[in-house]
Structure formats: structure tokens, C-alpha cells
file model.txt (compact mmCIF, C-alpha atoms and all ligand atoms)
# COMPACT_ATOMS: atom_id res chain seq x y z
CA MET A 375 -17.75 -44.20 11.54
CA ASN A 376 -15.37 -45.37 8.84
CA THR A 377 -11.81 -44.16 8.52
CA LEU A 378 -12.47 -41.63 5.75
CA GLU A 379 -15.14 -39.99 7.88
CA GLN A 380 -12.79 -40.01 10.83
CA HIS A 381 -10.08 -38.48 8.68
CA TYR A 382 -12.29 -35.55 7.70
CA ARG A 383 -13.51 -35.16 11.24
CA GLN A 384 -9.94 -34.59 12.40
CA LEU A 385 -9.02 -32.48 9.40
CA LEU A 386 -11.90 -30.12 9.96
CA GLY A 387 -11.29 -29.93 13.70
CA LEU A 388 -14.94 -30.59 14.42
CA ASP A 389 -16.13 -30.32 18.00
CA ALA A 390 -18.34 -32.91 19.66
CA ALA A 391 -21.49 -31.20 18.39
CA TRP A 392 -20.83 -32.19 14.77
CA GLU A 393 -20.30 -35.46 13.03
CA VAL A 394 -19.34 -36.50 9.53
CA SER A 395 -22.39 -38.45 8.43
CA ASP A 396 -21.41 -39.15 4.84
CA VAL A 397 -18.52 -38.77 2.41
CA ALA A 398 -19.82 -38.94 -1.16
CA LEU A 399 -17.25 -39.42 -3.86
CA SER A 400 -18.07 -38.69 -7.49
CA LEU A 401 -15.41 -39.99 -9.88
CA GLU A 402 -16.98 -38.41 -12.97
CA GLU A 403 -17.18 -34.96 -11.44
CA LYS A 404 -13.92 -35.41 -9.52
CA ARG A 405 -15.73 -34.13 -6.49
CA ILE A 406 -16.11 -35.05 -2.84
CA ASP A 407 -19.11 -33.95 -0.78
CA ILE A 408 -18.78 -34.23 2.97
CA LEU A 409 -22.07 -34.20 4.76
CA LEU A 410 -21.97 -32.86 8.32
CA THR A 411 -24.76 -33.32 10.82
CA HIS A 412 -25.35 -31.52 14.06
CA ARG A 413 -25.83 -33.90 16.98
CA GLY A 414 -28.45 -31.80 18.74
CA GLY A 415 -28.46 -30.56 22.32
CA LYS A 416 -27.78 -26.98 23.37
CA VAL A 417 -26.39 -24.39 20.93
CA GLU A 418 -24.88 -20.94 21.45
CA CYS A 419 -26.72 -17.80 20.41
CA PRO A 420 -24.45 -16.06 17.87
CA GLU A 421 -25.45 -12.62 19.17
CA CYS A 422 -25.25 -12.86 22.98
CA GLY A 423 -23.55 -16.23 23.53
CA ALA A 424 -26.38 -17.61 25.67
CA SER A 425 -26.91 -21.35 25.69
CA CYS A 426 -30.20 -22.03 23.91
CA SER A 427 -32.30 -24.85 22.62
CA ILE A 428 -32.45 -25.50 18.88
CA ALA A 429 -35.39 -23.86 17.13
CA ASP A 430 -34.93 -25.61 13.78
CA HIS A 431 -32.30 -26.13 11.08
CA ALA A 432 -31.52 -23.74 8.26
CA PRO A 433 -31.75 -25.14 4.71
CA GLU A 434 -28.67 -27.04 3.55
CA ARG A 435 -25.66 -24.93 2.56
CA SER A 436 -22.30 -25.81 1.14
CA TRP A 437 -18.75 -24.53 1.66
CA ARG A 438 -15.87 -25.00 -0.68
CA HIS A 439 -13.00 -26.76 1.10
CA LEU A 440 -9.39 -27.56 0.19
CA ASN A 441 -9.15 -30.12 -2.57
CA THR A 442 -8.54 -33.73 -1.58
CA MET A 443 -5.91 -34.83 -4.09
CA GLN A 444 -7.42 -33.46 -7.32
CA PHE A 445 -10.96 -33.79 -6.05
CA GLU A 446 -12.82 -30.56 -5.50
CA THR A 447 -14.11 -30.88 -1.96
CA HIS A 448 -17.25 -29.36 -0.49
CA LEU A 449 -18.82 -29.47 2.95
CA ARG A 450 -22.58 -29.58 3.25
CA ALA A 451 -24.65 -29.04 6.36
CA ARG A 452 -27.91 -27.84 7.75
CA VAL A 453 -26.92 -25.39 10.46
CA PRO A 454 -29.07 -25.33 13.61
CA ARG A 455 -30.82 -22.11 14.55
CA SER A 456 -30.78 -21.04 18.17
CA ASN A 457 -33.92 -20.12 20.03
CA CYS A 458 -32.67 -17.25 22.22
CA LYS A 459 -34.90 -15.59 24.79
CA CYS A 460 -33.27 -12.18 24.12
CA CYS A 461 -32.30 -12.32 20.47
CA GLY A 462 -34.88 -14.56 18.85
CA VAL A 463 -34.14 -17.24 16.28
CA LYS A 464 -30.61 -16.98 14.83
CA THR A 465 -28.44 -19.17 12.62
CA THR A 466 -25.58 -20.41 14.80
CA LYS A 467 -21.85 -20.23 14.05
CA VAL A 468 -20.08 -23.21 12.52
CA PRO A 469 -16.52 -24.15 13.53
CA TRP A 470 -15.21 -24.54 9.95
CA ALA A 471 -16.18 -21.22 8.36
CA GLU A 472 -16.83 -17.56 9.04
CA LYS A 473 -20.28 -16.07 8.83
CA HIS A 474 -21.42 -15.42 5.25
CA SER A 475 -18.40 -17.16 3.75
CA ARG A 476 -18.88 -19.78 1.07
CA PHE A 477 -15.44 -21.18 1.88
CA THR A 478 -14.03 -23.05 4.85
CA LEU A 479 -11.42 -21.34 7.01
CA LEU A 480 -8.71 -23.64 5.70
CA PHE A 481 -9.65 -22.86 2.13
CA GLU A 482 -9.56 -19.14 2.84
CA ALA A 483 -6.19 -19.43 4.56
CA PHE A 484 -4.83 -21.24 1.52
CA ALA A 485 -6.45 -18.79 -0.91
CA ILE A 486 -4.87 -15.87 0.94
CA GLU A 487 -1.42 -17.42 0.58
CA VAL A 488 -2.00 -18.05 -3.12
CA LEU A 489 -3.27 -14.50 -3.67
CA LYS A 490 -0.25 -13.09 -1.88
CA ALA A 491 2.13 -15.19 -3.93
CA CYS A 492 0.55 -14.50 -7.32
CA SER A 493 1.42 -11.35 -9.18
CA THR A 494 -2.09 -11.07 -10.59
CA ILE A 495 -5.48 -11.84 -9.13
CA SER A 496 -6.54 -13.68 -12.26
CA GLY A 497 -3.52 -15.95 -11.88
CA ALA A 498 -4.65 -16.79 -8.36
CA THR A 499 -8.30 -17.35 -9.29
CA GLU A 500 -7.20 -19.78 -11.98
CA LEU A 501 -5.05 -21.77 -9.56
CA LEU A 502 -7.78 -21.82 -6.95
CA GLY A 503 -10.62 -22.55 -9.34
CA ILE A 504 -12.74 -19.71 -8.00
CA GLY A 505 -14.18 -16.58 -9.62
CA TRP A 506 -12.91 -13.04 -9.33
CA ASP A 507 -15.78 -11.97 -7.06
CA ALA A 508 -15.14 -14.87 -4.69
CA ALA A 509 -11.44 -14.00 -4.57
CA HIS A 510 -12.31 -10.42 -3.88
CA ARG A 511 -14.61 -11.33 -1.02
CA ILE A 512 -11.87 -13.46 0.53
CA MET A 513 -9.54 -10.47 0.33
CA GLU A 514 -12.18 -8.19 1.77
CA ARG A 515 -12.74 -10.45 4.79
CA ALA A 516 -8.98 -10.85 5.23
CA VAL A 517 -8.44 -7.08 5.24
CA GLU A 518 -11.31 -6.55 7.68
CA ARG A 519 -9.75 -9.07 10.08
CA GLY A 520 -6.33 -7.50 9.60
CA LEU A 521 -7.59 -4.00 10.35
CA GLU A 522 -9.32 -5.19 13.50
CA ARG A 523 -6.09 -6.78 14.71
CA ARG A 524 -3.81 -3.95 13.63
CA GLU A 525 -1.70 -2.36 16.37
CA LEU A 526 -1.02 1.34 16.06
CA GLU A 527 0.04 2.19 19.61
CA SER A 528 3.65 2.99 18.74
CA LEU A 529 2.88 5.05 15.66
CA GLU A 530 5.06 8.19 15.59
CA TYR A 531 6.11 8.90 12.04
CA VAL A 532 3.81 8.86 9.07
CA GLY A 533 4.04 9.99 5.47
CA MET A 534 1.27 11.34 3.32
CA ASP A 535 1.53 11.28 -0.40
CA GLU A 536 -0.57 11.55 -3.49
CA LYS A 537 -0.42 9.22 -6.41
CA GLY A 538 -1.66 10.03 -9.91
CA PHE A 539 -2.74 7.56 -12.54
CA GLY A 540 -2.52 7.96 -16.28
CA LYS A 541 -2.95 11.06 -18.36
CA GLY A 542 -6.39 11.88 -16.98
CA GLN A 543 -4.71 12.01 -13.55
CA ASP A 544 -7.03 10.27 -11.19
CA TYR A 545 -5.45 10.76 -7.81
CA ILE A 546 -5.42 8.81 -4.61
CA SER A 547 -3.93 9.86 -1.27
CA VAL A 548 -1.93 7.43 0.82
CA LEU A 549 -1.09 7.39 4.53
CA VAL A 550 2.01 5.35 5.36
CA ASP A 551 3.59 4.20 8.61
CA LEU A 552 7.19 5.22 7.88
CA SER A 553 8.76 3.04 10.57
CA GLU A 554 7.03 -0.17 9.51
CA GLY A 555 6.78 0.61 5.80
CA ARG A 556 3.10 -0.21 5.59
CA VAL A 557 0.10 1.50 4.06
CA LEU A 558 -2.34 2.56 6.79
CA GLU A 559 -5.09 4.00 4.62
CA VAL A 560 -5.90 5.27 1.16
CA SER A 561 -8.55 7.73 0.00
CA PRO A 562 -9.71 9.05 -3.36
CA GLY A 563 -8.42 12.41 -4.64
CA ARG A 564 -5.66 14.62 -3.24
CA ARG A 565 -7.59 17.46 -1.66
CA GLU A 566 -7.87 18.49 1.93
CA GLU A 567 -10.90 16.17 2.33
CA SER A 568 -8.82 13.30 0.98
CA ALA A 569 -6.27 13.87 3.72
CA ASP A 570 -9.03 14.27 6.33
CA GLN A 571 -10.32 10.85 5.31
CA LEU A 572 -6.87 9.36 5.87
CA TRP A 573 -6.73 10.69 9.43
CA ALA A 574 -10.08 9.05 10.14
CA ALA A 575 -8.28 5.68 9.98
CA LEU A 576 -6.50 6.55 13.23
CA GLY A 577 -8.04 6.94 16.65
CA GLU A 578 -7.78 10.20 18.54
CA ASP A 579 -4.97 8.89 20.78
CA GLN A 580 -3.00 7.66 17.81
CA ARG A 581 -3.30 11.00 16.03
CA ALA A 582 -2.15 12.75 19.19
CA GLY A 583 0.91 10.46 19.32
CA ILE A 584 2.20 11.42 15.87
CA LYS A 585 5.48 13.34 16.14
CA ALA A 586 5.98 14.28 12.51
CA VAL A 587 4.50 13.82 9.05
CA ALA A 588 6.54 13.71 5.86
CA ILE A 589 4.80 15.42 2.95
CA ASP A 590 5.52 17.29 -0.24
CA MET A 591 5.03 21.07 -0.22
CA TRP A 592 1.33 20.60 -0.78
CA PRO A 593 -0.96 23.03 1.11
CA ALA A 594 -4.01 20.73 1.17
CA PHE A 595 -2.06 18.19 3.23
CA SER A 596 -0.50 20.80 5.52
CA LYS A 597 -3.93 22.16 6.35
CA SER A 598 -5.30 18.74 7.13
CA ILE A 599 -2.35 17.98 9.42
CA SER A 600 -2.88 21.17 11.39
CA LYS A 601 -6.50 20.19 11.91
CA HIS A 602 -6.08 16.52 12.83
CA ALA A 603 -2.62 16.32 14.37
CA PRO A 604 -1.74 19.90 15.34
CA GLN A 605 1.15 18.72 17.55
CA ALA A 606 2.85 16.94 14.63
CA GLU A 607 5.68 18.69 12.85
CA ILE A 608 5.62 18.84 9.08
CA VAL A 609 8.72 17.59 7.28
CA HIS A 610 8.95 18.45 3.61
CA ASP A 611 11.04 15.50 2.76
CA ARG A 612 14.20 14.87 0.88
CA PHE A 613 12.55 12.57 -1.60
CA HIS A 614 10.08 15.16 -2.87
CA ILE A 615 12.60 17.97 -2.85
CA SER A 616 15.02 16.06 -5.03
CA LYS A 617 12.13 15.25 -7.33
CA HIS A 618 11.39 18.98 -7.71
CA LEU A 619 15.05 19.71 -8.38
CA ASN A 620 15.30 16.91 -10.93
CA GLU A 621 12.25 18.23 -12.72
CA ALA A 622 13.80 21.70 -12.82
CA VAL A 623 17.01 20.32 -14.35
CA ASP A 624 14.95 18.49 -16.93
CA LYS A 625 13.02 21.63 -17.83
CA VAL A 626 16.27 23.54 -18.32
CA ARG A 627 17.59 20.70 -20.48
CA ARG A 628 14.49 20.61 -22.66
CA GLU A 629 14.55 24.35 -23.29
CA GLU A 630 18.26 24.38 -23.97
CA GLN A 631 18.11 21.37 -26.23
CA LYS A 632 15.42 22.99 -28.34
CA ALA A 633 17.59 26.08 -28.74
CA LEU A 634 20.69 24.02 -29.55
CA MET A 635 18.88 21.85 -32.08
CA ARG A 636 17.79 24.96 -33.95
CA GLU A 637 21.50 25.65 -34.49
CA GLY A 638 22.18 22.03 -35.41
CA ASP A 639 23.95 21.37 -32.09
CA GLU A 640 23.17 17.81 -30.91
CA ARG A 641 25.26 17.71 -27.75
CA LEU A 642 22.25 17.28 -25.44
CA LYS A 643 20.44 14.75 -27.59
CA GLY A 644 19.55 11.58 -25.71
CA SER A 645 21.05 12.84 -22.45
CA LYS A 646 17.84 13.11 -20.40
CA GLN A 647 18.54 10.16 -18.11
CA LEU A 648 22.17 11.11 -17.54
CA TRP A 649 21.20 14.29 -15.73
CA LEU A 650 18.78 12.47 -13.47
CA PHE A 651 21.04 9.62 -12.39
CA ASN A 652 22.88 9.72 -9.16
CA PRO A 653 26.56 9.79 -10.23
CA GLU A 654 27.40 7.31 -7.47
CA ASN A 655 25.21 4.73 -9.20
CA MET A 656 26.58 5.27 -12.68
CA SER A 657 28.61 2.70 -14.55
CA GLU A 658 32.11 3.81 -15.50
CA GLU A 659 31.14 4.07 -19.14
CA ARG A 660 28.15 6.23 -18.34
CA TRP A 661 30.23 8.36 -16.03
CA LEU A 662 32.79 9.07 -18.79
CA GLU A 663 30.05 10.01 -21.20
CA PHE A 664 28.44 12.17 -18.56
CA SER A 665 31.58 13.89 -17.30
CA ARG A 666 32.34 15.14 -20.82
CA LEU A 667 28.84 16.58 -20.91
CA LYS A 668 28.79 18.16 -17.46
CA ASP A 669 32.05 20.06 -18.06
CA LEU A 670 30.66 21.80 -21.12
CA GLU A 671 29.49 25.38 -20.91
CA LEU A 672 25.84 24.42 -20.89
CA LYS A 673 22.92 25.78 -18.90
CA THR A 674 21.86 22.21 -18.21
CA ALA A 675 25.26 21.45 -16.68
CA ARG A 676 24.91 24.47 -14.39
CA ALA A 677 21.41 23.46 -13.35
CA TRP A 678 22.69 19.98 -12.63
CA ALA A 679 25.56 21.28 -10.49
CA ILE A 680 23.13 23.35 -8.42
CA LYS A 681 20.90 20.35 -7.91
CA GLU A 682 23.83 18.11 -6.96
CA GLN A 683 25.13 20.70 -4.52
CA PHE A 684 21.86 20.59 -2.64
CA ARG A 685 22.47 16.97 -1.66
CA TRP A 686 25.00 18.20 0.91
CA PHE A 687 22.17 19.89 2.74
CA TRP A 688 20.93 16.56 4.09
CA ASP A 689 24.30 15.57 5.51
CA TYR A 690 24.33 18.23 8.22
CA ARG A 691 23.81 17.13 11.77
CA TYR A 692 22.32 20.37 13.03
CA ALA A 693 19.59 22.51 11.58
CA GLY A 694 21.62 25.69 12.23
CA ASN A 695 24.44 24.61 9.93
CA ALA A 696 21.99 23.37 7.33
CA ARG A 697 20.32 26.78 7.40
CA LYS A 698 23.65 28.49 6.75
CA PHE A 699 24.34 26.12 3.90
CA PHE A 700 20.91 26.83 2.50
CA SER A 701 21.42 30.59 2.32
CA LYS A 702 24.67 30.13 0.38
CA TRP A 703 23.04 27.62 -1.93
CA TYR A 704 20.05 29.89 -2.35
CA ALA A 705 22.23 32.84 -3.30
CA TRP A 706 23.87 30.74 -6.00
CA ALA A 707 20.62 29.23 -7.30
CA SER A 708 18.73 32.51 -7.37
CA ARG A 709 21.47 34.22 -9.38
CA SER A 710 21.68 31.36 -11.86
CA ARG A 711 19.38 32.96 -14.46
CA LEU A 712 17.82 29.52 -14.87
CA GLY A 713 14.05 30.02 -14.53
CA PRO A 714 13.01 26.53 -13.36
CA ILE A 715 15.87 26.36 -10.82
CA ILE A 716 15.03 29.80 -9.41
CA GLN A 717 11.40 28.75 -9.06
CA VAL A 718 12.27 25.67 -7.01
CA ALA A 719 14.80 27.61 -4.93
CA LYS A 720 12.11 30.15 -4.03
CA MET A 721 9.68 27.42 -3.12
CA LEU A 722 12.27 25.82 -0.84
CA LYS A 723 12.98 29.15 0.81
CA ARG A 724 9.29 29.72 1.47
CA HIS A 725 9.04 26.31 3.14
CA LEU A 726 12.44 26.31 4.80
CA ALA A 727 11.13 26.09 8.37
CA ASN A 728 9.36 22.83 7.56
CA ILE A 729 12.37 21.50 5.67
CA LEU A 730 14.72 22.08 8.60
CA THR A 731 12.44 19.93 10.78
CA TYR A 732 14.19 17.05 9.02
CA PHE A 733 17.14 17.45 11.37
CA ARG A 734 14.91 16.69 14.34
CA HIS A 735 13.08 13.70 12.86
CA ARG A 736 15.11 12.42 9.88
CA ILE A 737 12.14 11.01 8.02
CA THR A 738 11.53 10.82 4.28
CA ASN A 739 8.88 9.41 2.02
CA ALA A 740 11.33 7.01 0.40
CA ALA A 741 9.41 4.08 1.91
CA THR A 742 6.19 5.57 0.63
CA GLU A 743 7.62 5.67 -2.87
CA GLY A 744 8.49 1.99 -2.73
CA LEU A 745 4.91 1.24 -1.75
CA ASN A 746 3.70 3.58 -4.46
CA SER A 747 5.25 1.43 -7.16
CA ARG A 748 3.55 -1.61 -5.63
CA ILE A 749 0.28 0.34 -5.65
CA GLN A 750 0.91 1.24 -9.27
CA SER A 751 1.32 -2.42 -10.20
CA ILE A 752 -1.89 -3.33 -8.37
CA LYS A 753 -3.68 -0.76 -10.48
CA ALA A 754 -2.02 -1.91 -13.67
CA SER A 755 -2.98 -5.54 -13.16
CA ALA A 756 -6.46 -4.79 -11.89
CA ARG A 757 -9.30 -6.60 -13.55
CA GLY A 758 -12.86 -5.67 -12.86
CA PHE A 759 -11.58 -2.72 -10.89
CA ARG A 760 -14.39 -0.21 -10.57
CA ALA A 761 -15.25 1.13 -7.21
CA PHE A 762 -12.61 2.73 -5.06
CA ALA A 763 -13.53 0.40 -2.19
CA ASN A 764 -12.26 -2.59 -4.17
CA TYR A 765 -9.04 -0.83 -4.91
CA ARG A 766 -8.57 0.10 -1.27
CA THR A 767 -9.08 -3.53 -0.24
CA ARG A 768 -6.40 -4.68 -2.65
CA ILE A 769 -3.91 -2.03 -1.57
CA LEU A 770 -4.38 -2.90 2.09
CA PHE A 771 -4.21 -6.62 1.28
CA TYR A 772 -0.85 -6.29 -0.44
CA CYS A 773 0.73 -3.25 1.21
CA GLY A 774 -0.86 -3.06 4.65
CA LYS A 775 1.33 -5.70 6.34
CA LEU A 776 -1.84 -6.93 8.01
CA ASP A 777 -2.37 -10.23 9.78
CA LEU A 778 -4.81 -11.68 7.26
CA THR A 779 -5.05 -15.24 8.62
CA PRO A 780 -8.56 -16.57 9.29
CA PRO A 781 -9.35 -17.14 12.97
CA GLY A 782 -8.18 -20.40 14.51
CA ILE A 783 -5.57 -21.01 11.80
CA THR A 784 -1.91 -21.00 12.76
CA HIS A 785 1.00 -21.20 10.38
ZN ZN B 801 -29.02 -14.23 22.24
call {"tool": "encode", "arguments": {"input": "model.txt", "output": "C-alpha cells", "more": "lines below"}}
Ligand SMILES: [Zn+2]
result
Amino acid sequence: MNTLEQHYRQLLGLDAAWEVSDVALSLEEKRIDILLTHRGGKVECPECGASCSIADHAPERSWRHLNTMQFETHLRARVPRSNCKCCGVKTTKVPWAEKHSRFTLLFEAFAIEVLKACSTISGATELLGIGWDAAHRIMERAVERGLERRELESLEYVGMDEKGFGKGQDYISVLVDLSEGRVLEVSPGRREESADQLWAALGEDQRAGIKAVAIDMWPAFSKSISKHAPQAEIVHDRFHISKHLNEAVDKVRREEQKALMREGDERLKGSKQLWLFNPENMSEERWLEFSRLKDLELKTARAWAIKEQFRWFWDYRYAGNARKFFSKWYAWASRSRLGPIIQVAKMLKRHLANILTYFRHRITNAATEGLNSRIQSIKASARGFRAFANYRTRILFYCGKLDLTPPGITH
């Protein structure tokens, strides 16, 4: 065996059963073909693991491997087929690739790193010199491996959320591990069945171990929780509640601005963002502009003050005190004569029991929202995205915090 053959032998981590029988270099095509030959003897049945004799050899196949310098490198081999007494004739496993993969394990490991690092799939396929379908299959296998290895024993707090896309509002539902900040599962739609599908990702023991679930005040999700994790407490979380309050302030502003504009009053013009910002995060300049606005006798300023006041609610240590605060706040909000604010206040009152659960669990969907924007960008950069299954694979690949590494490869 010459040194080049020896080099590849080591690189591929071949066991004694295989040898590098030829390394063919094509300068014109900038390509290297490594021919591997099985040495014969006993082989392992891929189904039951029994030691068998070789029945015959499958037709030659090739696997794309990591480039050698700039040379595209391929492995070629005829894989022996085992003659098993129990299972019949089966194509055996090879040490350099997974079943059905057209790539070697090392190539897949590299491709996974490139896919993770690239902001778009097409960017990665270009760098790797592979097609979109091939990239997708690598991701699919990686996610499958990751899901098999995933540990969920310590799961206690999850969030469920819906995410809408575009004006037509296609929805997906997302189940998130709030402690680890990872997506556990996604499903199409945002109905009760969508939530049921999310629960199916967890085993019975894991569902029984869930202490609380953070959700918006969305009955379809509540129902599904009571079916699949009846012991879990529902927490209507801070994140969604402040979203509802912000929307109410914005509705008040829009109505008021329309009325003011009819009288030629432009005080609210261009102020939309100011009312939504957290004052603590405002620049000094913005704050000056805003404080002039908020001190005016405007309905929007009143709505804003009511919304801001509610932030104190979350600072209480005990649910009892928070409840007292809520009734004062509610009295103020419900007498405000501001339709959208009254509507939200009533909704909060109706769900108060499951808002006060926050003081026992202190969970929010803030982590979910961070993942949601990642999910949004996956959607936005999707190419060839059709079936939901593809989309799910990509979400779990990027947001599932899964161990995606091919078997036998260590970092
Ligand atoms: Zn067998």
C-alpha cells in the first residue's frame, strides 16, 4: 500500500475488514476517487447483529467525502451483503457513512457545521457544493439523531405559543422548554389539535412531570393542557399580557389621532413607537419628546399610564398582594372610559386565577419570543419550502439545541 492509500485509510478510520485499493486522481475534473474493497470473511447482519457469511456484493456506490485540498473527493465501494439465517440477505453497514446517506460521516459533520454557521441554506449549499435536497436530507438525518438523543427527564416548565405568518395568517404552534430555551416541537395551525400534536412529542412520564405551562389567554391551548398535563398549572404570562396592553394603547392612540387630525391637531402624529417603548430604554432625547406628550390631557396618555402602572403587578413577591394591587388597578382601568383598555382589563380579570400562578412559578414566554424571531427568519429565508415537515426539520435544526453530530464523530 502506498502512502496516499495509507493516509486515506487512517483518515477514514477504516477497520481491518476494509482496504483502500486505489486512489484515482483526475486533474481535469479536480476530483479524487478512493476505491475501497472489502477483504472478505465474516460480516455482521445489519438487522440482528449475527455474524454471517457474505452472500454477494451490492453494485458499486459512491459517497461524497470532504474535499482533499480543492479536489472533490468521493469514496466508491461494493458493499458486501450478509447471508443471515434469520433475516435473509441484507446490505451490511459501512464504517464511513450512515445507511441511505450519499455522504460520509465526516462530510455530514462538516456540512452540519456549515449549515449552522450560514444564515441561509442556499449560502451553505453553495459553499458545500451540494444541492438543496441533499442539504435538506443531511438536516433531516441530523434532527432525527438529535431527537433520539434528546434528554427530557428534567423538563418542568414549558411555553406554548402560536406564530402567524403574513397577511393570510398561516399559523404554527410551538412548544418550548423555558429553562433551556429550546424548541421541543412545532405543529401546523393553532387549534386544540395543534396543541395536542405538540404534547405527543413528550412521553407520558415527561408530561406528568410538567409543573406549569406559560400561554396566552387562548382557550384552545388551555383545553389541550387540561387533557394532556392536567397537573400542570397554567400561567398567562407577562409577555403576552403586556402585548395585549400595548395593543390597547395603540388602539386608543389611533382613534384619538383620527379625531385630532379632523380638527387639524397633529400632536399625536408619528408618536406610535413612543407609547410602546419601555421608558427605561429610551434615549434622553426621546424621553424629553415623550414626557411632553405624556403630560398632555390626551386619552392616549391616560391609556399609557394605565398600561405602565400594570408593570408593578409583576414585582410583588406574593400572590395575595398582587391580587390586591390588581383590584385597585382594575377599578382605575374599568372607569377609564377607554374602550380598548376596559376590554383588556376585563379579560385579565376573567383569567386572574391563572395570572396569579405566576407568583408560584415565575415563568414567561420571553424565551419563546426570542425563538419566534429565529423561526420567523427561517421562514423568511426559506427556499423550496413547501411541506410542513421540511419546515419543522429546519426549526428543530436551528432552534432545538439538539446534538446533531453524526455517530462516531467527536469535536
Ligand atoms: Zn440477521
call {"tool": "residues_near_point", "arguments": {"input": "model.txt", "point": "(14.2, 15.1, 6.8)", "cutoff": "9 Å", "atoms": "only C-alpha atoms", "output": "CSV table (one decimal) with C-alpha atoms, in the frame of the given file"}}
result
chain,number,residue,atom,x,y,z
A,588,ALA,CA,6.5,13.7,5.9
A,609,VAL,CA,8.7,17.6,7.3
A,610,HIS,CA,9.0,18.4,3.6
A,611,ASP,CA,11.0,15.5,2.8
A,612,ARG,CA,14.2,14.9,0.9
A,613,PHE,CA,12.6,12.6,-1.6
A,688,TRP,CA,20.9,16.6,4.1
A,729,ILE,CA,12.4,21.5,5.7
A,730,LEU,CA,14.7,22.1,8.6
A,731,THR,CA,12.4,19.9,10.8
A,732,TYR,CA,14.2,17.0,9.0
A,733,PHE,CA,17.1,17.4,11.4
A,734,ARG,CA,14.9,16.7,14.3
A,735,HIS,CA,13.1,13.7,12.9
A,736,ARG,CA,15.1,12.4,9.9
A,737,ILE,CA,12.1,11.0,8.0
A,738,THR,CA,11.5,10.8,4.3
call {"tool": "atom_distance", "arguments": {"input": "model.txt", "atom1": "CA of Gly638 in chain A", "atom2": "CA of Arg676 in chain A"}}
result
21.3 Å
call {"tool": "atom_distance", "arguments": {"input": "model.txt", "atom1": "CA of Cys773 in chain A", "atom2": "CA of Ile608 in chain A"}}
result
24.0 Å
call {"tool": "closest_residue", "arguments": {"input": "model.txt", "among": "A:Trp706, A:Asp551, A:Ser701, A:Asn457", "to": "ligand ZN 801 (chain B)", "atoms": "all atoms listed in the file"}}
result
A:Asn457
call {"tool": "residues_near_ligand", "arguments": {"input": "model.txt", "ligand": "ligand ZN 801 (chain B)", "cutoff": "10 Å", "atoms": "only C-alpha atoms and all ligand atoms", "output": "count of residues only"}}
result
18
call {"tool": "closest_residue", "arguments": {"input": "model.txt", "among": "A:Tyr531, A:Tyr772, A:Phe484, A:Trp649", "to": "Ala675 in chain A", "atoms": "only C-alpha atoms"}}
result
A:Trp649
call {"tool": "closest_residue", "arguments": {"input": "model.txt", "among": "A:Asp407, A:Glu658, A:Glu472, A:Asp624", "to": "Thr442 in chain A", "atoms": "all atoms listed in the file"}}
result
A:Asp407
call {"tool": "closest_residue", "arguments": {"input": "model.txt", "among": "A:Val557, A:Ile584, A:Met513, A:Leu489", "to": "Leu529 in chain A", "atoms": "all atoms listed in the file"}}
result
A:Ile584
call {"tool": "atom_distance", "arguments": {"input": "model.txt", "atom1": "CA of Val488 in chain A", "atom2": "CA of Gly503 in chain A"}}
result
11.5 Å
call {"tool": "residues_around", "arguments": {"input": "model.txt", "residues": "Arg519 in chain A", "least_positions_apart": "5", "cutoff": "9 Å", "atoms": "all atoms listed in the file", "output": "ChimeraX atom specification"}}
result
/A:514,524,776-781
call {"tool": "build_atoms", "arguments": {"input": "model.txt", "residues": "range 641-655 of chain A", "atoms": "N, CA and C atoms", "output": "PDB file, in the frame of the given file"}}
result
ATOM      1  N   ARG A 641      24.521  18.176 -28.932  1.00  0.00           N
ATOM      2  CA  ARG A 641      25.260  17.710 -27.750  1.00  0.00           C
ATOM      3  C   ARG A 641      24.351  17.158 -26.647  1.00  0.00           C
ATOM      4  N   LEU A 642      23.138  17.712 -26.532  1.00  0.00           N
ATOM      5  CA  LEU A 642      22.250  17.280 -25.440  1.00  0.00           C
ATOM      6  C   LEU A 642      21.326  16.136 -25.835  1.00  0.00           C
ATOM      7  N   LYS A 643      21.361  15.779 -27.093  1.00  0.00           N
ATOM      8  CA  LYS A 643      20.440  14.750 -27.590  1.00  0.00           C
ATOM      9  C   LYS A 643      20.625  13.441 -26.817  1.00  0.00           C
ATOM     10  N   GLY A 644      19.504  12.884 -26.388  1.00  0.00           N
ATOM     11  CA  GLY A 644      19.550  11.580 -25.710  1.00  0.00           C
ATOM     12  C   GLY A 644      20.192  11.599 -24.330  1.00  0.00           C
ATOM     13  N   SER A 645      20.327  12.778 -23.733  1.00  0.00           N
ATOM     14  CA  SER A 645      21.050  12.840 -22.450  1.00  0.00           C
ATOM     15  C   SER A 645      20.117  12.913 -21.248  1.00  0.00           C
ATOM     16  N   LYS A 646      18.802  12.885 -21.491  1.00  0.00           N
ATOM     17  CA  LYS A 646      17.840  13.110 -20.400  1.00  0.00           C
ATOM     18  C   LYS A 646      18.165  12.317 -19.135  1.00  0.00           C
ATOM     19  N   GLN A 647      18.334  11.011 -19.287  1.00  0.00           N
ATOM     20  CA  GLN A 647      18.540  10.160 -18.110  1.00  0.00           C
ATOM     21  C   GLN A 647      19.841  10.471 -17.384  1.00  0.00           C
ATOM     22  N   LEU A 648      20.858  10.854 -18.158  1.00  0.00           N
ATOM     23  CA  LEU A 648      22.170  11.110 -17.540  1.00  0.00           C
ATOM     24  C   LEU A 648      22.098  12.175 -16.459  1.00  0.00           C
ATOM     25  N   TRP A 649      21.290  13.189 -16.686  1.00  0.00           N
ATOM     26  CA  TRP A 649      21.200  14.290 -15.730  1.00  0.00           C
ATOM     27  C   TRP A 649      20.393  13.920 -14.490  1.00  0.00           C
ATOM     28  N   LEU A 650      19.655  12.844 -14.588  1.00  0.00           N
ATOM     29  CA  LEU A 650      18.780  12.470 -13.470  1.00  0.00           C
ATOM     30  C   LEU A 650      19.431  11.414 -12.572  1.00  0.00           C
ATOM     31  N   PHE A 651      20.375  10.687 -13.159  1.00  0.00           N
ATOM     32  CA  PHE A 651      21.040   9.620 -12.390  1.00  0.00           C
ATOM     33  C   PHE A 651      21.886  10.172 -11.257  1.00  0.00           C
ATOM     34  N   ASN A 652      21.944   9.413 -10.224  1.00  0.00           N
ATOM     35  CA  ASN A 652      22.880   9.720  -9.160  1.00  0.00           C
ATOM     36  C   ASN A 652      24.263   9.250  -9.624  1.00  0.00           C
ATOM     37  N   PRO A 653      25.247  10.169  -9.697  1.00  0.00           N
ATOM     38  CA  PRO A 653      26.560   9.790 -10.230  1.00  0.00           C
ATOM     39  C   PRO A 653      27.167   8.586  -9.512  1.00  0.00           C
ATOM     40  N   GLU A 654      26.842   8.442  -8.233  1.00  0.00           N
ATOM     41  CA  GLU A 654      27.400   7.310  -7.470  1.00  0.00           C
ATOM     42  C   GLU A 654      26.914   5.961  -8.010  1.00  0.00           C
ATOM     43  N   ASN A 655      25.757   5.996  -8.681  1.00  0.00           N
ATOM     44  CA  ASN A 655      25.210   4.730  -9.200  1.00  0.00           C
ATOM     45  C   ASN A 655      25.515   4.516 -10.676  1.00  0.00           C
TER      46      ASN A 655
END
